[in-house]
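Data block for start-v4.pdb (PDB, C-alpha atoms):
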```pdb
ATOM      1  CA  MET A   1       6.858  44.751   7.939
ATOM      2  CA  THR A   2       8.598  46.530  10.744
ATOM      3  CA  SER A   3      12.343  46.748  11.010
ATOM      4  CA  ASN A   4      14.632  48.370  13.481
ATOM      5  CA  GLY A   5      16.816  49.437  10.607
ATOM      6  CA  THR A   6      20.166  48.193  11.874
ATOM      7  CA  GLY A   7      22.645  46.506   9.639
ATOM      8  CA  GLY A   8      20.896  46.926   6.333
ATOM      9  CA  VAL A   9      19.167  43.562   6.545
ATOM     10  CA  LEU A  10      15.697  42.726   7.740
ATOM     11  CA  SER A  11      16.397  42.817  11.408
ATOM     12  CA  HIS A  12      13.148  42.026  13.166
ATOM     13  CA  GLY A  13       9.575  41.433  12.211
ATOM     14  CA  TYR A  14       6.483  42.206  14.211
ATOM     15  CA  TYR A  15       6.474  41.685  17.939
ATOM     16  CA  PHE A  16       3.526  39.866  19.445
ATOM     17  CA  GLU A  17       2.007  43.097  20.775
ATOM     18  CA  ASP A  18       1.957  44.542  17.242
ATOM     19  CA  LEU A  19      -0.165  41.729  15.814
ATOM     20  CA  SER A  20      -3.931  41.775  15.501
ATOM     21  CA  LEU A  21      -6.538  39.430  14.090
ATOM     22  CA  GLY A  22      -7.098  39.863  10.378
ATOM     23  CA  MET A  23      -3.645  41.204   9.503
ATOM     24  CA  GLU A  24      -2.586  39.894   6.097
ATOM     25  CA  ALA A  25       0.502  39.664   3.945
ATOM     26  CA  SER A  26       1.173  38.175   0.518
ATOM     27  CA  TYR A  27       4.012  37.074  -1.729
ATOM     28  CA  ALA A  28       3.748  36.332  -5.438
ATOM     29  CA  LYS A  29       6.030  34.143  -7.512
ATOM     30  CA  LYS A  30       5.862  32.867 -11.049
ATOM     31  CA  ILE A  31       6.994  29.237 -11.073
ATOM     32  CA  THR A  32       9.492  28.647 -13.867
ATOM     33  CA  ASN A  33      10.923  25.476 -15.344
ATOM     34  CA  GLU A  34      14.266  26.481 -13.828
ATOM     35  CA  ASP A  35      12.632  26.687 -10.389
ATOM     36  CA  VAL A  36      11.275  23.157 -10.706
ATOM     37  CA  LEU A  37      14.614  21.781 -11.887
ATOM     38  CA  ALA A  38      16.432  23.587  -9.071
ATOM     39  CA  PHE A  39      13.974  22.322  -6.474
ATOM     40  CA  ALA A  40      14.375  18.754  -7.762
ATOM     41  CA  GLY A  41      18.130  19.085  -7.405
ATOM     42  CA  LEU A  42      17.920  20.640  -3.975
ATOM     43  CA  SER A  43      15.413  18.237  -2.454
ATOM     44  CA  GLY A  44      16.280  15.106  -4.421
ATOM     45  CA  ASP A  45      12.621  14.835  -5.403
ATOM     46  CA  VAL A  46      13.071  13.703  -9.000
ATOM     47  CA  ASN A  47       9.544  12.341  -9.330
ATOM     48  CA  PRO A  48       9.023  12.327 -13.111
ATOM     49  CA  VAL A  49       5.678  14.112 -12.776
ATOM     50  CA  HIS A  50       7.876  17.190 -12.204
ATOM     51  CA  LEU A  51      10.623  16.406 -14.718
ATOM     52  CA  SER A  52       9.330  14.280 -17.584
ATOM     53  CA  ASP A  53       6.852  15.604 -20.143
ATOM     54  CA  ASP A  54       6.158  12.051 -21.297
ATOM     55  CA  PHE A  55       5.431  10.741 -17.805
ATOM     56  CA  ALA A  56       3.282  13.750 -16.906
ATOM     57  CA  ALA A  57       1.253  13.347 -20.093
ATOM     58  CA  GLY A  58       0.108   9.970 -18.789
ATOM     59  CA  THR A  59      -1.096  11.326 -15.438
ATOM     60  CA  ILE A  60      -4.319  13.115 -14.543
ATOM     61  CA  PHE A  61      -2.329  16.354 -14.595
ATOM     62  CA  LYS A  62      -1.454  15.952 -18.317
ATOM     63  CA  LYS A  63       1.519  18.311 -17.943
ATOM     64  CA  ARG A  64       4.473  18.572 -15.575
ATOM     65  CA  ILE A  65       3.575  20.119 -12.237
ATOM     66  CA  ALA A  66       5.587  22.023  -9.644
ATOM     67  CA  HIS A  67       6.556  20.314  -6.409
ATOM     68  CA  GLY A  68       3.933  20.948  -3.721
ATOM     69  CA  PHE A  69       6.701  21.861  -1.314
ATOM     70  CA  LEU A  70       7.958  24.533  -3.707
ATOM     71  CA  THR A  71       4.515  26.129  -3.671
ATOM     72  CA  GLY A  72       4.268  25.635   0.079
ATOM     73  CA  SER A  73       7.624  27.272   0.669
ATOM     74  CA  LEU A  74       5.953  30.568  -0.225
ATOM     75  CA  PHE A  75       4.114  30.321   3.100
ATOM     76  CA  SER A  76       7.478  30.250   4.807
ATOM     77  CA  THR A  77       8.561  33.241   2.731
ATOM     78  CA  VAL A  78       5.644  35.345   3.964
ATOM     79  CA  LEU A  79       6.079  34.130   7.546
ATOM     80  CA  GLY A  80       9.823  34.664   7.618
ATOM     81  CA  THR A  81      10.003  37.991   5.816
ATOM     82  CA  LYS A  82       6.665  39.777   6.244
ATOM     83  CA  LEU A  83       4.198  38.497   8.805
ATOM     84  CA  PRO A  84       5.287  37.997  11.552
ATOM     85  CA  GLY A  85       8.738  38.373   9.918
ATOM     86  CA  PRO A  86      12.254  37.732  11.212
ATOM     87  CA  GLY A  87      12.550  36.635  14.812
ATOM     88  CA  CYS A  88       9.479  34.421  14.892
ATOM     89  CA  ILE A  89       9.786  30.667  15.403
ATOM     90  CA  TYR A  90       7.981  28.187  13.183
ATOM     91  CA  LEU A  91       6.045  25.688  15.274
ATOM     92  CA  SER A  92       3.808  23.935  12.773
ATOM     93  CA  GLN A  93       2.361  23.994   9.296
ATOM     94  CA  SER A  94      -0.439  22.060   7.663
ATOM     95  CA  MET A  95      -1.008  21.868   3.916
ATOM     96  CA  LYS A  96      -3.850  20.528   1.809
ATOM     97  CA  PHE A  97      -3.025  20.284  -1.856
ATOM     98  CA  ARG A  98      -6.160  21.284  -3.751
ATOM     99  CA  ALA A  99      -5.016  21.596  -7.369
ATOM    100  CA  PRO A 100      -1.832  21.304  -9.409
ATOM    101  CA  VAL A 101       0.512  24.206 -10.075
ATOM    102  CA  TYR A 102       1.891  24.192 -13.602
ATOM    103  CA  ILE A 103       5.115  25.674 -14.891
ATOM    104  CA  GLY A 104       4.435  29.290 -15.805
ATOM    105  CA  ASP A 105       1.706  29.740 -13.183
ATOM    106  CA  GLU A 106       1.918  32.757 -10.898
ATOM    107  CA  VAL A 107       1.251  31.678  -7.345
ATOM    108  CA  ILE A 108       0.088  34.220  -4.788
ATOM    109  CA  ALA A 109       0.563  33.150  -1.184
ATOM    110  CA  THR A 110      -1.644  35.047   1.258
ATOM    111  CA  LEU A 111      -1.491  34.619   5.014
ATOM    112  CA  LYS A 112      -3.927  36.053   7.525
ATOM    113  CA  ILE A 113      -3.825  36.043  11.299
ATOM    114  CA  THR A 114      -6.746  34.034  12.626
ATOM    115  CA  GLY A 115      -5.659  33.426  16.203
ATOM    116  CA  LEU A 116      -3.524  35.067  18.869
ATOM    117  CA  ASP A 117      -2.653  33.305  22.106
ATOM    118  CA  ALA A 118      -1.275  35.994  24.393
ATOM    119  CA  GLU A 119      -0.436  33.539  27.142
ATOM    120  CA  LYS A 120       1.800  31.434  24.925
ATOM    121  CA  GLY A 121       2.901  34.203  22.552
ATOM    122  CA  ARG A 122       1.607  32.269  19.574
ATOM    123  CA  ALA A 123      -0.018  33.405  16.350
ATOM    124  CA  THR A 124      -2.103  31.183  14.060
ATOM    125  CA  LEU A 125      -2.335  32.090  10.401
ATOM    126  CA  ALA A 126      -4.621  30.825   7.655
ATOM    127  CA  CYS A 127      -2.493  30.117   4.590
ATOM    128  CA  ASP A 128      -3.658  30.187   0.991
ATOM    129  CA  CYS A 129      -1.840  29.813  -2.319
ATOM    130  CA  ALA A 130      -3.872  30.756  -5.364
ATOM    131  CA  VAL A 131      -3.390  30.704  -9.133
ATOM    132  CA  ASN A 132      -5.687  32.991 -11.109
ATOM    133  CA  GLY A 133      -7.828  33.432  -8.012
ATOM    134  CA  LYS A 134      -8.302  29.692  -7.427
ATOM    135  CA  THR A 135      -6.905  28.070  -4.294
ATOM    136  CA  VAL A 136      -4.289  25.441  -5.111
ATOM    137  CA  LEU A 137      -2.931  24.936  -1.586
ATOM    138  CA  GLU A 138      -4.304  25.865   1.805
ATOM    139  CA  GLY A 139      -3.311  25.262   5.365
ATOM    140  CA  GLU A 140      -2.521  26.724   8.734
ATOM    141  CA  ALA A 141       0.689  27.904  10.355
ATOM    142  CA  VAL A 142       1.448  28.412  14.037
ATOM    143  CA  MET A 143       4.300  30.724  14.995
ATOM    144  CA  MET A 144       5.881  31.707  18.271
ATOM    145  CA  VAL A 145       6.358  35.470  18.244
ATOM    146  CA  ALA A 146       8.652  37.349  20.609
ATOM    147  CA  ARG A 147       7.185  39.956  22.894
ATOM    148  CA  ARG A 148       8.498  43.478  22.701
ATOM    149  CA  ALA A 149       9.602  43.348  26.307
ATOM    150  CA  PRO A 150       9.897  40.318  28.575
ATOM    151  CA  ARG A 151       7.041  40.017  31.020
ATOM    152  CA  GLN A 152       7.921  40.870  34.599
TER     153      GLN A 152
ATOM    154  CA  MET B   1      10.525   0.836  -5.050
ATOM    155  CA  THR B   2       8.920  -0.888  -7.969
ATOM    156  CA  SER B   3       9.357   0.280 -11.523
ATOM    157  CA  ASN B   4       8.034  -0.963 -14.807
ATOM    158  CA  GLY B   5      11.401  -0.234 -16.288
ATOM    159  CA  THR B   6      10.337   1.709 -19.350
ATOM    160  CA  GLY B   7      12.149   4.779 -20.512
ATOM    161  CA  GLY B   8      15.062   4.726 -18.115
ATOM    162  CA  VAL B   9      13.312   6.960 -15.601
ATOM    163  CA  LEU B  10      11.356   6.070 -12.527
ATOM    164  CA  SER B  11       8.142   5.166 -14.220
ATOM    165  CA  HIS B  12       5.757   4.121 -11.495
ATOM    166  CA  GLY B  13       5.884   3.598  -7.786
ATOM    167  CA  TYR B  14       3.872   1.179  -5.731
ATOM    168  CA  TYR B  15       0.276   0.529  -6.561
ATOM    169  CA  PHE B  16      -2.223   0.582  -3.738
ATOM    170  CA  GLU B  17      -2.474  -3.212  -3.657
ATOM    171  CA  ASP B  18       1.294  -3.441  -3.081
ATOM    172  CA  LEU B  19       1.255  -1.337   0.074
ATOM    173  CA  SER B  20       1.001  -2.676   3.593
ATOM    174  CA  LEU B  21       1.026  -1.177   7.061
ATOM    175  CA  GLY B  22       4.497  -0.668   8.450
ATOM    176  CA  MET B  23       6.320  -0.302   5.116
ATOM    177  CA  GLU B  24       9.111   2.249   5.459
ATOM    178  CA  ALA B  25      11.452   4.246   3.258
ATOM    179  CA  SER B  26      14.135   6.820   4.007
ATOM    180  CA  TYR B  27      16.202   9.515   2.347
ATOM    181  CA  ALA B  28      19.279  11.177   3.798
ATOM    182  CA  LYS B  29      20.714  14.561   2.919
ATOM    183  CA  LYS B  30      23.445  16.672   4.414
ATOM    184  CA  ILE B  31      22.291  20.294   4.454
ATOM    185  CA  THR B  32      25.005  22.571   3.093
ATOM    186  CA  ASN B  33      25.386  26.328   3.115
ATOM    187  CA  GLU B  34      24.871  26.250  -0.657
ATOM    188  CA  ASP B  35      21.552  24.435  -0.146
ATOM    189  CA  VAL B  36      20.332  27.124   2.241
ATOM    190  CA  LEU B  37      21.381  29.931  -0.098
ATOM    191  CA  ALA B  38      19.753  28.181  -3.056
ATOM    192  CA  PHE B  39      16.543  27.608  -1.128
ATOM    193  CA  ALA B  40      16.446  31.275  -0.093
ATOM    194  CA  GLY B  41      16.798  32.283  -3.739
ATOM    195  CA  LEU B  42      14.203  29.822  -4.933
ATOM    196  CA  SER B  43      11.547  30.539  -2.322
ATOM    197  CA  GLY B  44      12.291  34.203  -1.648
ATOM    198  CA  ASP B  45      12.562  33.365   2.045
ATOM    199  CA  VAL B  46      15.497  35.601   2.932
ATOM    200  CA  ASN B  47      14.763  35.571   6.664
ATOM    201  CA  PRO B  48      18.152  36.516   8.167
ATOM    202  CA  VAL B  49      18.009  33.599  10.606
ATOM    203  CA  HIS B  50      18.960  31.553   7.527
ATOM    204  CA  LEU B  51      21.390  33.998   5.906
ATOM    205  CA  SER B  52      23.024  36.236   8.503
ATOM    206  CA  ASP B  53      25.484  34.917  11.063
ATOM    207  CA  ASP B  54      25.113  38.135  13.069
ATOM    208  CA  PHE B  55      21.321  37.966  13.178
ATOM    209  CA  ALA B  56      21.304  34.258  14.000
ATOM    210  CA  ALA B  57      23.770  34.807  16.848
ATOM    211  CA  GLY B  58      21.144  36.967  18.558
ATOM    212  CA  THR B  59      18.410  34.317  18.360
ATOM    213  CA  ILE B  60      17.774  31.279  20.542
ATOM    214  CA  PHE B  61      19.331  29.192  17.762
ATOM    215  CA  LYS B  62      22.719  30.992  18.088
ATOM    216  CA  LYS B  63      23.710  29.912  14.570
ATOM    217  CA  ARG B  64      22.069  30.079  11.139
ATOM    218  CA  ILE B  65      19.450  27.379  10.589
ATOM    219  CA  ALA B  66      18.088  25.689   7.496
ATOM    220  CA  HIS B  67      14.622  26.591   6.247
ATOM    221  CA  GLY B  68      12.008  24.269   7.737
ATOM    222  CA  PHE B  69      10.558  23.775   4.280
ATOM    223  CA  LEU B  70      13.932  22.604   2.985
ATOM    224  CA  THR B  71      13.975  19.909   5.661
ATOM    225  CA  GLY B  72      10.319  19.132   5.033
ATOM    226  CA  SER B  73      10.888  18.762   1.303
ATOM    227  CA  LEU B  74      12.680  15.506   2.097
ATOM    228  CA  PHE B  75       9.270  14.053   2.974
ATOM    229  CA  SER B  76       8.174  14.863  -0.555
ATOM    230  CA  THR B  77      11.344  13.254  -1.880
ATOM    231  CA  VAL B  78      10.571   9.954  -0.172
ATOM    232  CA  LEU B  79       6.904  10.116  -1.166
ATOM    233  CA  GLY B  80       7.591  11.025  -4.772
ATOM    234  CA  THR B  81      10.501   8.700  -5.449
ATOM    235  CA  LYS B  82      10.289   5.751  -3.032
ATOM    236  CA  LEU B  83       7.095   5.213  -1.079
ATOM    237  CA  PRO B  84       4.579   5.231  -2.671
ATOM    238  CA  GLY B  85       6.717   6.670  -5.508
ATOM    239  CA  PRO B  86       5.802   8.154  -8.892
ATOM    240  CA  GLY B  87       2.154   8.178  -9.804
ATOM    241  CA  CYS B  88       0.786   8.957  -6.355
ATOM    242  CA  ILE B  89      -1.025  12.216  -5.644
ATOM    243  CA  TYR B  90      -0.176  14.371  -2.660
ATOM    244  CA  LEU B  91      -3.308  15.233  -0.705
ATOM    245  CA  SER B  92      -2.006  16.695   2.545
ATOM    246  CA  GLN B  93       1.003  17.122   4.791
ATOM    247  CA  SER B  94       1.351  18.274   8.355
ATOM    248  CA  MET B  95       4.631  19.341   9.949
ATOM    249  CA  LYS B  96       5.637  20.078  13.520
ATOM    250  CA  PHE B  97       9.032  21.695  13.816
ATOM    251  CA  ARG B  98      10.666  20.215  16.905
ATOM    252  CA  ALA B  99      14.262  21.431  16.745
ATOM    253  CA  PRO B 100      16.494  23.484  14.448
ATOM    254  CA  VAL B 101      18.535  21.998  11.612
ATOM    255  CA  TYR B 102      21.972  23.571  11.308
ATOM    256  CA  ILE B 103      24.171  23.863   8.269
ATOM    257  CA  GLY B 104      26.253  20.700   8.037
ATOM    258  CA  ASP B 105      23.625  18.504   9.708
ATOM    259  CA  GLU B 106      22.694  15.265   8.015
ATOM    260  CA  VAL B 107      18.923  14.898   7.988
ATOM    261  CA  ILE B 108      17.360  11.476   7.618
ATOM    262  CA  ALA B 109      13.734  11.512   6.530
ATOM    263  CA  THR B 110      11.874   8.304   7.334
ATOM    264  CA  LEU B 111       8.306   7.631   6.314
ATOM    265  CA  LYS B 112       6.171   4.708   7.441
ATOM    266  CA  ILE B 113       2.731   3.638   6.335
ATOM    267  CA  THR B 114       0.324   3.924   9.249
ATOM    268  CA  GLY B 115      -3.008   3.801   7.488
ATOM    269  CA  LEU B 116      -4.529   2.366   4.318
ATOM    270  CA  ASP B 117      -8.026   3.270   3.180
ATOM    271  CA  ALA B 118      -8.905   0.749   0.484
ATOM    272  CA  GLU B 119     -12.217   2.387  -0.292
ATOM    273  CA  LYS B 120     -10.641   5.745  -1.113
ATOM    274  CA  GLY B 121      -7.264   4.426  -2.303
ATOM    275  CA  ARG B 122      -5.444   6.514   0.257
ATOM    276  CA  ALA B 123      -2.312   5.871   2.277
ATOM    277  CA  THR B 124      -1.367   7.729   5.459
ATOM    278  CA  LEU B 125       2.312   7.926   6.385
ATOM    279  CA  ALA B 126       4.002   9.001   9.595
ATOM    280  CA  CYS B 127       6.861  11.331   8.671
ATOM    281  CA  ASP B 128      10.006  11.906  10.688
ATOM    282  CA  CYS B 129      13.172  13.899  10.029
ATOM    283  CA  ALA B 130      16.009  13.218  12.437
ATOM    284  CA  VAL B 131      19.513  14.569  13.001
ATOM    285  CA  ASN B 132      21.826  12.296  14.956
ATOM    286  CA  GLY B 133      18.853  10.190  15.945
ATOM    287  CA  LYS B 134      16.857  13.113  17.342
ATOM    288  CA  THR B 135      13.581  14.131  15.713
ATOM    289  CA  VAL B 136      13.730  17.661  14.317
ATOM    290  CA  LEU B 137      10.518  17.564  12.286
ATOM    291  CA  GLU B 138       7.563  15.239  12.342
ATOM    292  CA  GLY B 139       4.204  15.062  10.663
ATOM    293  CA  GLU B 140       1.806  13.077   8.597
ATOM    294  CA  ALA B 141       1.216  12.749   4.864
ATOM    295  CA  VAL B 142      -1.843  11.502   3.034
ATOM    296  CA  MET B 143      -1.449  10.245  -0.526
ATOM    297  CA  MET B 144      -3.841   8.989  -3.157
ATOM    298  CA  VAL B 145      -2.354   5.870  -4.699
ATOM    299  CA  ALA B 146      -3.462   4.364  -7.997
ATOM    300  CA  ARG B 147      -4.799   0.844  -8.065
ATOM    301  CA  ARG B 148      -3.113  -1.714 -10.240
ATOM    302  CA  ALA B 149      -6.285  -2.225 -12.193
ATOM    303  CA  PRO B 150      -9.416  -0.096 -12.230
ATOM    304  CA  ARG B 151     -12.236  -1.582 -10.207
ATOM    305  CA  GLN B 152     -15.064  -3.032 -12.279
TER     306      GLN B 152
END
```
Translate the structure of the given file into structure tokens.
Amino acid sequence: MTSNGTGGVLSHGYYFEDLSLGMEASYAKKITNEDVLAFAGLSGDVNPVHLSDDFAAGTIFKKRIAHGFLTGSLFSTVLGTKLPGPGCIYLSQSMKFRAPVYIGDEVIATLKITGLDAEKGRATLACDCAVNGKTVLEGEAVMMVARRAPRQ
Amino acid sequence: MTSNGTGGVLSHGYYFEDLSLGMEASYAKKITNEDVLAFAGLSGDVNPVHLSDDFAAGTIFKKRIAHGFLTGSLFSTVLGTKLPGPGCIYLSQSMKFRAPVYIGDEVIATLKITGLDAEKGRATLACDCAVNGKTVLEGEAVMMVARRAPRQ
């Protein structure tokens, strides 16, 4: 991603003019048991399919699964840190949960620009999370992206 | 929510036959600075709009905001613990981010059943997160909900 280099933190992502169709960025994370426990604590989502081996064994998943929103948050990570990166504004996100994510799975979130609306300064991105090359979560994000210079 | 009472944990939510249009459930959470820092660590979303007072001051939000996915995770909390509750399967979620959530805000997530597809065993829920009575995030969830008894 681009950065103007001030302050030692990510200071700005791409401007709208820098974006083009087909640009991609990814983020990978291995989902640990600690992640699932922390997410349960943070969100309050203590659904036993995430926390109880016994309960999960009686479901179609057979084992405990990660929260879908934990997997989905990796979309936000790519959007907020890589493409378009800091400075963009999250307008919407859709998610279709295709398959479970188990503890120990490495999830790779990949986002790709599929639409650019120059009039509105909006970018649409196809969003995919995959485990071992298989899509577990897919969706679409729409971001408002600042222009490099205000239009006259 | 219903529970069969075994094991001391939430053991099953509503079955499909127990659901009706208009049923509602809510979950409230005050978003703290610690929550935002924890979510950044968990997701890897270190966008400075969430973490840097200086960066946030230069955005339209003026102050640091919570991650949209942290707010949205409260939908999952209601779905996974209250309505329909444990045992349901998350099929899809849409989210439209309407307004920022600031640190210290109390978010109330309210979900309401708006559709029931008996043939497919699916429930559709309208999802709303509000701060001080104003919607900050809205969307729709679709869940697969187990029937009380398998159909013959």
Checklist entry - From the set B:Val78, B:Ala118, B:Ile65, B:Cys88, which residue has the shortest atom-to-atom contact distance to Ser52 of chain B, counting all atoms listed in the file? => result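 The shortest atom-to-atom distance to Ser52 of chain B comes from B:Ile65.
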Proximity check segment 68-151 of chain A to segment 20-44 of chain A, 9 Å, nearest pairs one decimal Å, only C-alpha atoms, as a tab-separated table:
```
residue	atom	partner	partner_atom	distance
A:Phe69	CA	A:Phe39	CA	8.9
A:Leu70	CA	A:Phe39	CA	7.0
A:Thr71	CA	A:Ile31	CA	8.4
A:Leu74	CA	A:Tyr27	CA	7.0
A:Phe75	CA	A:Tyr27	CA	8.3
A:Thr77	CA	A:Tyr27	CA	7.4
A:Val78	CA	A:Tyr27	CA	6.2
A:Leu79	CA	A:Ala25	CA	8.6
A:Lys82	CA	A:Ala25	CA	6.6
A:Leu83	CA	A:Ala25	CA	6.2
A:Val101	CA	A:Ile31	CA	8.3
A:Tyr102	CA	A:Ile31	CA	7.6
A:Ile103	CA	A:Thr32	CA	5.4
A:Gly104	CA	A:Ile31	CA	5.4
A:Asp105	CA	A:Lys30	CA	5.6
A:Glu106	CA	A:Lys30	CA	3.9
A:Val107	CA	A:Lys29	CA	5.4
A:Ile108	CA	A:Ala28	CA	4.3
A:Ala109	CA	A:Tyr27	CA	5.3
A:Thr110	CA	A:Ser26	CA	4.3
A:Leu111	CA	A:Glu24	CA	5.5
A:Lys112	CA	A:Glu24	CA	4.3
A:Ile113	CA	A:Gly22	CA	5.1
A:Thr114	CA	A:Leu21	CA	5.6
A:Gly115	CA	A:Leu21	CA	6.4
A:Leu116	CA	A:Leu21	CA	7.1
A:Leu125	CA	A:Glu24	CA	8.9
```
Item to check | Expected selection from the PyMOL selection byres ((chain A) within 8 of (chain B)), given as number ranges by chain | outcome: A: 9-11, 35, 38-39, 42-49, 55, 59, 68-70, 72-74, 76-78, 80-81, 85-87, 90-98
Checklist entry - Which polymer residues have any atom within 10 Å of an atom of Phe16 of chain B, counting all atoms listed in the file, with same-chain residues fewer than 3 positions away left out, as a ChimeraX atom specification? => result /B:13,19-20,84,88,116-118,121-123,144-149
Need the axis-aligned box for segment 116-134 of chain A with 4 Å each side, so what are the centre and edges in Å to one decimal, as AutoDock Vina command-line options?
```
--center_x -2.7 --center_y 32.8 --center_z 8.0 --size_x 19.2 --size_y 14.3 --size_z 46.3
```
Item to check | Computed interatomic separation between atom CA of Cys127 of chain A and atom CA of Tyr14 of chain A (Å) | outcome: 17.9 Å
Checklist entry - Any idea what the distance is between atom CA of Lys120 of chain A and atom CA of Met143 of chain A? => result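 Here the two named atoms are 10.3 Å from each other.
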